[in-house]
$ cat query-v8.txt   # compact mmCIF, C-alpha atoms and all ligand atoms
# COMPACT_ATOMS: atom_id res chain seq x y z
CA ALA B 1 39.92 34.43 -15.70
CA SER B 2 38.53 36.19 -12.66
CA THR B 3 34.76 36.37 -12.24
CA GLN B 4 34.72 40.13 -11.81
CA VAL B 5 36.67 43.23 -12.78
CA LYS B 6 37.21 46.28 -10.58
CA LEU B 7 35.96 49.61 -11.94
CA ASN B 8 37.59 52.98 -11.21
CA THR B 9 34.68 53.67 -8.83
CA GLY B 10 35.82 50.79 -6.61
CA ALA B 11 32.77 48.69 -7.55
CA TYR B 12 33.10 45.31 -9.23
CA MET B 13 31.57 44.39 -12.58
CA PRO B 14 30.97 40.68 -13.29
CA THR B 15 33.19 39.41 -16.12
CA VAL B 16 30.35 37.77 -18.05
CA GLY B 17 26.94 39.35 -18.52
CA LEU B 18 23.91 38.82 -20.74
CA GLY B 19 23.74 41.03 -23.84
CA THR B 20 20.29 42.00 -25.15
CA TRP B 21 20.98 43.92 -28.37
CA LYS B 22 18.51 42.49 -30.94
CA SER B 23 16.73 40.49 -28.21
CA GLN B 24 13.09 41.00 -29.05
CA PRO B 25 10.32 41.89 -26.63
CA GLY B 26 8.56 38.57 -26.14
CA ALA B 27 11.84 36.68 -25.89
CA VAL B 28 14.03 38.94 -23.81
CA GLU B 29 11.85 38.75 -20.66
CA HIS B 30 12.43 35.03 -20.51
CA ALA B 31 16.14 35.31 -21.38
CA VAL B 32 16.76 37.78 -18.55
CA GLU B 33 14.71 35.76 -16.06
CA TYR B 34 16.46 32.53 -17.07
CA ALA B 35 19.93 34.10 -16.93
CA LEU B 36 19.40 35.63 -13.49
CA LYS B 37 17.90 32.41 -12.12
CA ASN B 38 20.89 30.47 -13.46
CA GLY B 39 23.75 32.45 -12.05
CA TYR B 40 24.25 35.46 -14.36
CA LYS B 41 25.11 38.51 -12.31
CA SER B 42 25.13 41.15 -15.04
CA ILE B 43 22.50 42.29 -17.54
CA ASP B 44 23.08 44.86 -20.29
CA THR B 45 20.43 46.77 -22.20
CA ALA B 46 19.93 50.18 -23.83
CA ALA B 47 17.08 52.61 -24.43
CA ALA B 48 17.85 52.21 -28.15
CA TYR B 49 17.15 48.46 -28.00
CA GLN B 50 13.52 49.30 -27.16
CA ASN B 51 13.35 46.39 -24.75
CA GLU B 52 14.00 48.03 -21.36
CA ALA B 53 10.45 47.40 -20.13
CA GLU B 54 10.71 43.71 -21.06
CA VAL B 55 14.16 43.42 -19.49
CA GLY B 56 12.53 44.91 -16.39
CA GLN B 57 9.80 42.27 -16.50
CA GLY B 58 12.45 39.56 -16.68
CA ILE B 59 14.27 41.03 -13.69
CA LYS B 60 11.04 41.11 -11.70
CA ALA B 61 10.04 37.58 -12.73
CA SER B 62 13.44 36.22 -11.66
CA GLY B 63 12.81 37.28 -8.08
CA VAL B 64 16.52 38.07 -7.80
CA ALA B 65 17.26 40.97 -5.46
CA ARG B 66 18.36 44.18 -7.15
CA ASP B 67 21.64 44.31 -5.22
CA SER B 68 22.58 40.78 -6.35
CA PHE B 69 23.28 41.71 -9.97
CA PHE B 70 24.87 44.45 -12.07
CA LEU B 71 22.60 46.41 -14.42
CA THR B 72 23.73 48.56 -17.37
CA THR B 73 21.69 50.68 -19.73
CA LYS B 74 22.55 53.45 -22.19
CA LEU B 75 21.53 56.98 -23.07
CA ASP B 76 20.10 56.97 -26.60
CA ASN B 77 21.51 59.35 -29.23
CA PRO B 78 18.28 61.36 -29.68
CA ASP B 79 18.04 61.85 -25.89
CA GLN B 80 21.45 63.52 -25.47
CA LYS B 81 19.80 66.94 -25.05
CA GLU B 82 17.50 65.61 -22.31
CA PRO B 83 19.53 63.18 -20.22
CA ASP B 84 17.56 63.84 -16.99
CA ALA B 85 14.30 62.67 -18.56
CA ALA B 86 16.05 59.79 -20.32
CA LEU B 87 17.54 58.51 -17.06
CA GLN B 88 14.16 58.65 -15.36
CA SER B 89 12.55 56.84 -18.30
CA SER B 90 15.13 54.03 -18.21
CA LEU B 91 14.76 53.57 -14.45
CA SER B 92 11.00 53.46 -14.67
CA LYS B 93 10.91 51.07 -17.67
CA LEU B 94 13.39 48.76 -15.98
CA GLY B 95 11.44 49.02 -12.73
CA VAL B 96 14.55 49.70 -10.66
CA ASP B 97 15.75 52.46 -8.34
CA TYR B 98 19.31 52.58 -9.61
CA LEU B 99 21.70 51.62 -12.40
CA ASP B 100 25.12 50.13 -11.76
CA LEU B 101 26.30 51.69 -15.00
CA TRP B 102 24.87 54.23 -17.43
CA LEU B 103 26.63 54.69 -20.77
CA MET B 104 26.55 57.31 -23.50
CA HIS B 105 25.57 54.96 -26.32
CA TRP B 106 27.52 56.74 -29.10
CA PRO B 107 29.37 60.07 -29.28
CA ALA B 108 26.70 61.02 -31.79
CA PRO B 109 23.81 63.31 -30.80
CA MET B 110 20.84 62.86 -33.10
CA THR B 111 17.47 64.45 -33.73
CA LYS B 112 14.19 62.83 -32.80
CA ASP B 113 13.14 62.67 -36.50
CA THR B 114 12.33 59.36 -38.17
CA PRO B 115 14.82 58.44 -39.41
CA ALA B 116 16.99 60.34 -36.92
CA LYS B 117 19.64 62.68 -38.32
CA ALA B 118 22.91 64.02 -36.93
CA ASP B 119 22.16 66.90 -34.56
CA PHE B 120 24.97 69.41 -35.00
CA SER B 121 23.31 71.88 -32.62
CA HIS B 122 24.49 69.74 -29.72
CA ASP B 123 27.97 68.71 -28.55
CA TRP B 124 28.32 65.23 -27.04
CA LEU B 125 30.91 66.68 -24.64
CA ASP B 126 28.03 68.64 -23.09
CA THR B 127 26.15 65.37 -22.78
CA TRP B 128 29.05 63.95 -20.79
CA LYS B 129 29.07 67.01 -18.53
CA ASN B 130 25.38 66.42 -17.87
CA MET B 131 25.99 62.75 -17.16
CA GLU B 132 28.66 63.83 -14.65
CA ARG B 133 26.17 66.23 -13.07
CA LEU B 134 23.54 63.49 -12.77
CA TYR B 135 26.10 61.08 -11.31
CA LYS B 136 27.17 63.61 -8.69
CA THR B 137 23.62 64.73 -7.92
CA TYR B 138 22.04 61.26 -7.73
CA PRO B 139 24.61 58.82 -6.33
CA ASP B 140 21.63 56.75 -5.21
CA LYS B 141 20.45 56.36 -8.84
CA LEU B 142 23.76 56.11 -10.70
CA LYS B 143 26.62 53.98 -9.36
CA ALA B 144 28.88 54.58 -12.37
CA ILE B 145 28.88 56.36 -15.73
CA GLY B 146 30.73 55.48 -18.90
CA VAL B 147 30.70 55.50 -22.66
CA SER B 148 30.19 53.14 -25.57
CA ASN B 149 31.56 52.99 -29.10
CA PHE B 150 34.39 55.42 -28.29
CA SER B 151 37.55 55.28 -30.40
CA VAL B 152 40.87 56.51 -28.98
CA GLU B 153 40.41 59.82 -30.76
CA PHE B 154 37.04 60.40 -29.08
CA LEU B 155 38.30 59.21 -25.68
CA GLU B 156 41.11 61.74 -25.90
CA ARG B 157 38.63 64.52 -26.59
CA LEU B 158 36.54 63.34 -23.65
CA LEU B 159 39.42 63.01 -21.17
CA ALA B 160 40.63 66.53 -22.03
CA VAL B 161 37.50 67.97 -20.38
CA ALA B 162 36.10 65.22 -18.14
CA THR B 163 36.11 65.61 -14.36
CA ILE B 164 35.08 61.96 -14.05
CA VAL B 165 36.94 59.32 -16.04
CA PRO B 166 34.41 56.93 -17.62
CA ALA B 167 34.27 53.65 -15.69
CA VAL B 168 33.70 51.64 -18.87
CA ASN B 169 33.94 51.90 -22.66
CA GLN B 170 31.68 49.28 -24.25
CA ILE B 171 32.80 48.38 -27.77
CA GLU B 172 32.43 45.65 -30.37
CA LEU B 173 35.17 43.13 -29.66
CA HIS B 174 35.90 39.73 -31.21
CA PRO B 175 38.75 38.19 -33.22
CA SER B 176 37.59 39.89 -36.42
CA CYS B 177 37.29 43.30 -34.72
CA PRO B 178 40.00 43.29 -32.03
CA GLN B 179 40.43 47.07 -31.59
CA HIS B 180 43.80 46.65 -29.90
CA ASP B 181 44.39 50.40 -29.81
CA VAL B 182 41.19 51.07 -27.85
CA VAL B 183 41.78 48.17 -25.44
CA GLU B 184 45.36 49.29 -24.71
CA TYR B 185 44.42 52.96 -24.34
CA CYS B 186 41.61 52.15 -21.91
CA GLU B 187 43.84 49.84 -19.87
CA LYS B 188 46.34 52.72 -19.47
CA LYS B 189 43.58 55.10 -18.39
CA GLY B 190 41.92 52.71 -15.94
CA ILE B 191 38.81 52.35 -18.09
CA VAL B 192 37.31 48.86 -18.20
CA ILE B 193 36.38 47.57 -21.65
CA THR B 194 33.10 45.73 -22.12
CA ALA B 195 33.02 43.56 -25.23
CA TYR B 196 29.75 43.47 -27.13
CA SER B 197 29.05 41.02 -29.98
CA PRO B 198 31.88 38.75 -28.73
CA LEU B 199 30.66 36.01 -31.09
CA GLY B 200 30.56 38.40 -34.06
CA SER B 201 26.76 38.92 -33.74
CA ASP B 202 24.16 37.04 -35.81
CA ASN B 203 25.24 34.36 -38.33
CA SER B 204 28.83 34.88 -37.36
CA PRO B 205 31.50 33.20 -39.50
CA LEU B 206 33.64 33.04 -36.33
CA LEU B 207 31.55 30.15 -34.97
CA THR B 208 32.79 27.94 -37.83
CA ASN B 209 36.27 29.42 -38.14
CA THR B 210 38.71 26.50 -38.12
CA VAL B 211 41.07 28.11 -35.58
CA VAL B 212 38.12 28.61 -33.21
CA THR B 213 36.63 25.13 -33.72
CA LYS B 214 40.02 23.44 -33.29
CA ILE B 215 40.61 25.09 -29.91
CA ALA B 216 36.97 24.39 -28.90
CA GLU B 217 37.49 20.67 -29.60
CA LYS B 218 40.62 20.62 -27.49
CA TYR B 219 38.73 21.95 -24.45
CA GLY B 220 35.52 20.05 -25.22
CA VAL B 221 33.45 23.23 -25.34
CA ALA B 222 31.44 25.05 -28.01
CA PRO B 223 33.15 27.56 -30.36
CA ALA B 224 31.17 30.31 -28.59
CA ASN B 225 32.96 29.51 -25.33
CA ILE B 226 36.34 30.10 -26.94
CA LEU B 227 35.25 33.47 -28.32
CA ILE B 228 33.77 34.54 -24.96
CA SER B 229 36.83 33.23 -23.09
CA LEU B 230 39.21 35.16 -25.35
CA GLN B 231 37.67 38.40 -23.98
CA ALA B 232 37.15 37.17 -20.41
CA ASN B 233 40.84 36.25 -20.17
CA LYS B 234 41.91 39.89 -20.66
CA PRO B 235 42.50 41.61 -17.31
CA ASN B 236 40.46 44.76 -17.96
CA VAL B 237 37.66 43.30 -20.10
CA THR B 238 34.12 42.19 -19.33
CA VAL B 239 32.04 40.44 -21.98
CA LEU B 240 28.37 40.32 -23.02
CA PRO B 241 27.35 37.27 -25.06
CA LYS B 242 23.79 37.77 -26.31
CA SER B 243 21.35 34.90 -26.49
CA VAL B 244 17.64 34.28 -26.09
CA THR B 245 18.16 30.49 -26.12
CA ASN B 246 18.22 28.71 -22.72
CA THR B 247 20.89 26.15 -23.56
CA ARG B 248 23.18 28.82 -24.99
CA ILE B 249 22.59 31.24 -22.11
CA LEU B 250 23.70 28.46 -19.76
CA SER B 251 26.70 27.28 -21.73
CA ASN B 252 27.96 30.79 -22.60
CA ALA B 253 28.80 31.38 -18.95
CA GLN B 254 31.52 28.73 -19.07
CA ILE B 255 34.99 30.25 -19.39
CA VAL B 256 38.18 28.35 -20.18
CA ASP B 257 41.73 29.61 -19.63
CA LEU B 258 43.39 29.87 -23.04
CA ASN B 259 47.16 29.65 -23.33
CA ALA B 260 49.32 32.32 -24.98
CA GLU B 261 49.73 30.31 -28.16
CA GLU B 262 45.96 29.88 -28.58
CA ILE B 263 45.37 33.56 -27.92
CA ALA B 264 48.00 34.46 -30.54
CA GLU B 265 46.34 32.14 -33.07
CA LEU B 266 42.94 33.72 -32.43
CA GLU B 267 44.44 37.19 -32.77
CA GLU B 268 45.73 36.23 -36.23
CA ILE B 269 42.18 35.80 -37.58
CA ASP B 270 41.71 39.54 -38.05
CA LYS B 271 44.51 39.73 -40.59
CA THR B 272 42.50 37.75 -43.14
CA HIS B 273 38.91 37.93 -41.84
CA HIS B 274 38.20 41.44 -40.58
CA PHE B 275 34.62 42.62 -40.13
CA ARG B 276 32.60 44.94 -37.94
CA ALA B 277 29.05 43.79 -37.16
CA CYS B 278 27.82 47.18 -35.95
CA HIS B 279 28.55 50.22 -38.08
CA PRO B 280 25.43 52.31 -38.41
CA ASP B 281 25.58 54.53 -41.45
CA TRP B 282 25.07 57.83 -39.70
CA THR B 283 25.72 60.36 -42.38
CA GLY B 284 27.36 63.38 -40.86
CA PHE B 285 29.45 61.72 -38.18
CA GLY B 286 32.21 60.30 -40.33
CA SER B 287 33.92 57.21 -38.98
CA LEU B 288 33.81 58.35 -35.32
CA GLY B 289 37.53 57.68 -35.26
CA PHE B 290 37.18 54.02 -36.23
CA PRO B 291 38.98 53.53 -39.55
CA ASP B 292 36.59 50.74 -40.60
CA CYS B 293 33.40 52.44 -39.39
CA LYS B 294 31.62 54.09 -42.31
P1 LIG Z 301 20.25 33.41 -30.09
O1 LIG Z 301 20.07 34.70 -29.34
O2 LIG Z 301 19.10 33.14 -31.02
O3 LIG Z 301 20.56 32.26 -29.20
P2 LIG Z 301 26.83 38.19 -30.06
O4 LIG Z 301 26.84 37.87 -28.60
O5 LIG Z 301 28.17 38.20 -30.68
O6 LIG Z 301 26.05 39.43 -30.37
O7 LIG Z 301 26.08 36.99 -30.81
C1 LIG Z 301 24.69 36.80 -30.68
C2 LIG Z 301 24.25 35.82 -31.75
O8 LIG Z 301 24.88 34.53 -31.52
C3 LIG Z 301 22.78 35.56 -31.70
O9 LIG Z 301 22.34 35.28 -33.02
C4 LIG Z 301 22.65 34.33 -30.80
O10 LIG Z 301 21.50 33.58 -31.11
C5 LIG Z 301 23.90 33.55 -31.21
N1 LIG Z 301 24.46 32.72 -30.12
C6 LIG Z 301 24.51 33.03 -28.80
N2 LIG Z 301 25.13 32.05 -28.11
C7 LIG Z 301 25.48 31.10 -29.01
C8 LIG Z 301 26.14 29.85 -28.91
N3 LIG Z 301 26.55 29.37 -27.73
N4 LIG Z 301 26.31 29.12 -30.05
C9 LIG Z 301 25.89 29.60 -31.25
N5 LIG Z 301 25.27 30.79 -31.40
C10 LIG Z 301 25.06 31.53 -30.30

$ encode --input "query-v8.txt" --output "structure tokens"
Amino acid sequence: ASTQVKLNTGAYMPTVGLGTWKSQPGAVEHAVEYALKNGYKSIDTAAAYQNEAEVGQGIKASGVARDSFFLTTKLDNPDQKEPDAALQSSLSKLGVDYLDLWLMHWPAPMTKDTPAKADFSHDWLDTWKNMERLYKTYPDKLKAIGVSNFSVEFLERLLAVATIVPAVNQIELHPSCPQHDVVEYCEKKGIVITAYSPLGSDNSPLLTNTVVTKIAEKYGVAPANILISLQANKPNVTVLPKSVTNTRILSNAQIVDLNAEEIAELEEIDKTHHFRACHPDWTGFGSLGFPDCK
């Protein structure tokens, strides 16, 4: 697998990056600092994770220069009406002057109520138009824009009106949620896929799946490495293993080249063990075009 993937902007995104969904303030500072000091060149966060300030502290503590790593954050659903302020807030919490990539977190505008509700007074296509405006107006602050959690149906609606093709679509991707249709569609359109929850998120049954452990033994690596490598081996995919544990952060960066037979075996898992780790129950949005997303 190559160590980086070219985006439609011409910039390169490192193949493996550190995920921080569910990484708590108090732990994530150290995880980010440790990852950057130990060779990670990509960090992913989101306003919705409520850890941008701590991710920023980790970046600062690492002493790694801003232009030596790739930084992604995401526009939160309740901020879709106010993307200018949201961008400024993310930059200031992270303590950086620019983002390498800014994603619409979900095609799902929500209110600022607690709990937030679907906001049908706002169209997410208008959010994209505003993200395009910000990208064109502030090339010094935004190096690329993209989307997250977009099914083919939603990508089609986006591409029908977009003047800028998203650089990336970040989606849940692992053997039990392979989303072949989205991966193939994005490859055709020149959109890089970023895989989140490549291990299947917390307490994942994939880490003890016998197909995964058998291949891991063959290569003398951990099951996690096989799951991360499965994504990293795809030509248009980057991958974000999440960990707050030093030993895992280190070992997760190791990629092995799987052969076609092993890849086929891993792809079989979904037939009997399908699950989606992230499917917020956002009444009002339907399945967002994902058949298994409630
Ligand atoms: P922790 O952060 O406590 O180390 P995903 O990347 O699919 O979202 O998975 C993240 C989950 O997998 C977290 O619970 C994380 O725990 C755990 N994890 C991360 N790396 C490994 C690994 N190498 N082996 C086992 N579990 C891991």

$ atom_distance --input "query-v8.txt" --atom1 "atom O2 of ligand LIG 301 (chain Z)" --atom2 "CA of Ser243 in chain B"
5.4 Å

$ atom_distance --input "query-v8.txt" --atom1 "atom O6 of ligand LIG 301 (chain Z)" --atom2 "CA of Leu266 in chain B"
17.9 Å

$ axis_aligned_box --input "query-v8.txt" --around "range 216-223 of chain B" --padding-each-side "4 Å" --output "lines of an AutoDock Vina configuration file"
center_x = 36.0
center_y = 23.8
center_z = -27.4
size_x = 17.2
size_y = 15.5
size_z = 13.9

$ residues_near_ligand --input "query-v8.txt" --ligand "ligand LIG 301 (chain Z)" --cutoff "7 Å" --atoms "all atoms listed in the file" --output "PyMOL selection string"
chain B and resi 19+23+196-203+207+222+224-225+240-245+248-249+251-252

$ residues_around --input "query-v8.txt" --residues "Cys177 in chain B" --least-positions-apart "2" --cutoff "12 Å" --atoms "only C-alpha atoms" --output "count of residues only"
38

$ closest_residue --input "query-v8.txt" --among "B:Arg157, B:Lys188, B:Arg133, B:Lys22" --to "Asp84 in chain B" --atoms "all atoms listed in the file"
B:Arg133

$ residues_around --input "query-v8.txt" --residues "range 96-112 of chain B" --least-positions-apart "6" --cutoff "8 Å" --atoms "all atoms listed in the file" --output "ChimeraX atom specification"
/B:46,56,66,70-81,118-120,122-124,128,140-150,154,168,285,288

$ atom_distance --input "query-v8.txt" --atom1 "CA of Glu262 in chain B" --atom2 "CA of Ser42 in chain B"
27.3 Å

$ closest_residue --input "query-v8.txt" --among "B:Thr9, B:Thr15, B:Asn169, B:Ser90" --to "Ala48 in chain B" --atoms "only C-alpha atoms"
B:Ser90

$ closest_residue --input "query-v8.txt" --among "B:Asn8, B:Thr213, B:Ser176, B:Thr163" --to "Leu125 in chain B" --atoms "all atoms listed in the file"
B:Thr163

$ closest_residue --input "query-v8.txt" --among "B:Glu153, B:Gly95, B:Ile164, B:Val211" --to "Met131 in chain B" --atoms "all atoms listed in the file"
B:Ile164

$ closest_residue --input "query-v8.txt" --among "B:Asn209, B:Asn38, B:Thr20, B:Asn236" --to "Glu187 in chain B" --atoms "all atoms listed in the file"
B:Asn236

$ closest_residue --input "query-v8.txt" --among "B:Ala116, B:Val221, B:Ile263, B:Leu258" --to "Pro178 in chain B" --atoms "all atoms listed in the file"
B:Ile263

$ residues_around --input "query-v8.txt" --residues "Ile226 in chain B" --least-positions-apart "3" --cutoff "7 Å" --atoms "all atoms listed in the file" --output "ChimeraX atom specification"
/B:212,216,223,229-230

$ residues_around --input "query-v8.txt" --residues "Gly26 in chain B" --least-positions-apart "3" --cutoff "12 Å" --atoms "only C-alpha atoms" --output "list in words"
Lys22, Ser23, Glu29, His30, Ala31, Val32, Gln50, Asn51, Glu52, Ala53, Glu54, Val55, Gln57, Gly58 and Val244 of chain B

$ decode --input "query-v8.txt" --residues "range 223-251 of chain B" --atoms "C-alpha atoms" --output "PDB file, in the first residue's frame"
ATOM      1  CA  PRO B 223      -5.848  -8.620  14.121  1.00  0.00           C
ATOM      2  CA  ALA B 224      -6.179  -4.815  14.086  1.00  0.00           C
ATOM      3  CA  ASN B 225      -3.365  -4.591  11.533  1.00  0.00           C
ATOM      4  CA  ILE B 226      -5.241  -6.857   9.140  1.00  0.00           C
ATOM      5  CA  LEU B 227      -8.402  -4.753   9.428  1.00  0.00           C
ATOM      6  CA  ILE B 228      -6.467  -1.497   8.914  1.00  0.00           C
ATOM      7  CA  SER B 229      -4.470  -3.014   6.044  1.00  0.00           C
ATOM      8  CA  LEU B 230      -7.637  -4.195   4.283  1.00  0.00           C
ATOM      9  CA  GLN B 231      -8.618  -0.511   3.866  1.00  0.00           C
ATOM     10  CA  ALA B 232      -5.095   0.829   3.283  1.00  0.00           C
ATOM     11  CA  ASN B 233      -4.619  -1.624   0.408  1.00  0.00           C
ATOM     12  CA  LYS B 234      -7.473  -0.046  -1.587  1.00  0.00           C
ATOM     13  CA  PRO B 235      -6.158   2.538  -4.057  1.00  0.00           C
ATOM     14  CA  ASN B 236      -8.544   5.372  -3.194  1.00  0.00           C
ATOM     15  CA  VAL B 237      -8.946   4.782   0.554  1.00  0.00           C
ATOM     16  CA  THR B 238      -7.337   6.343   3.612  1.00  0.00           C
ATOM     17  CA  VAL B 239      -7.992   4.904   7.065  1.00  0.00           C
ATOM     18  CA  LEU B 240      -8.374   6.241  10.619  1.00  0.00           C
ATOM     19  CA  PRO B 241      -7.803   3.689  13.389  1.00  0.00           C
ATOM     20  CA  LYS B 242      -8.760   5.267  16.714  1.00  0.00           C
ATOM     21  CA  SER B 243      -6.795   4.580  19.863  1.00  0.00           C
ATOM     22  CA  VAL B 244      -5.767   6.359  23.037  1.00  0.00           C
ATOM     23  CA  THR B 245      -3.338   3.551  23.959  1.00  0.00           C
ATOM     24  CA  ASN B 246       0.366   4.117  23.147  1.00  0.00           C
ATOM     25  CA  THR B 247       1.199   0.556  22.155  1.00  0.00           C
ATOM     26  CA  ARG B 248      -1.827   0.358  19.865  1.00  0.00           C
ATOM     27  CA  ILE B 249      -1.212   3.783  18.324  1.00  0.00           C
ATOM     28  CA  LEU B 250       2.273   2.581  17.420  1.00  0.00           C
ATOM     29  CA  SER B 251       1.329  -0.834  16.111  1.00  0.00           C
TER      30      SER B 251
END
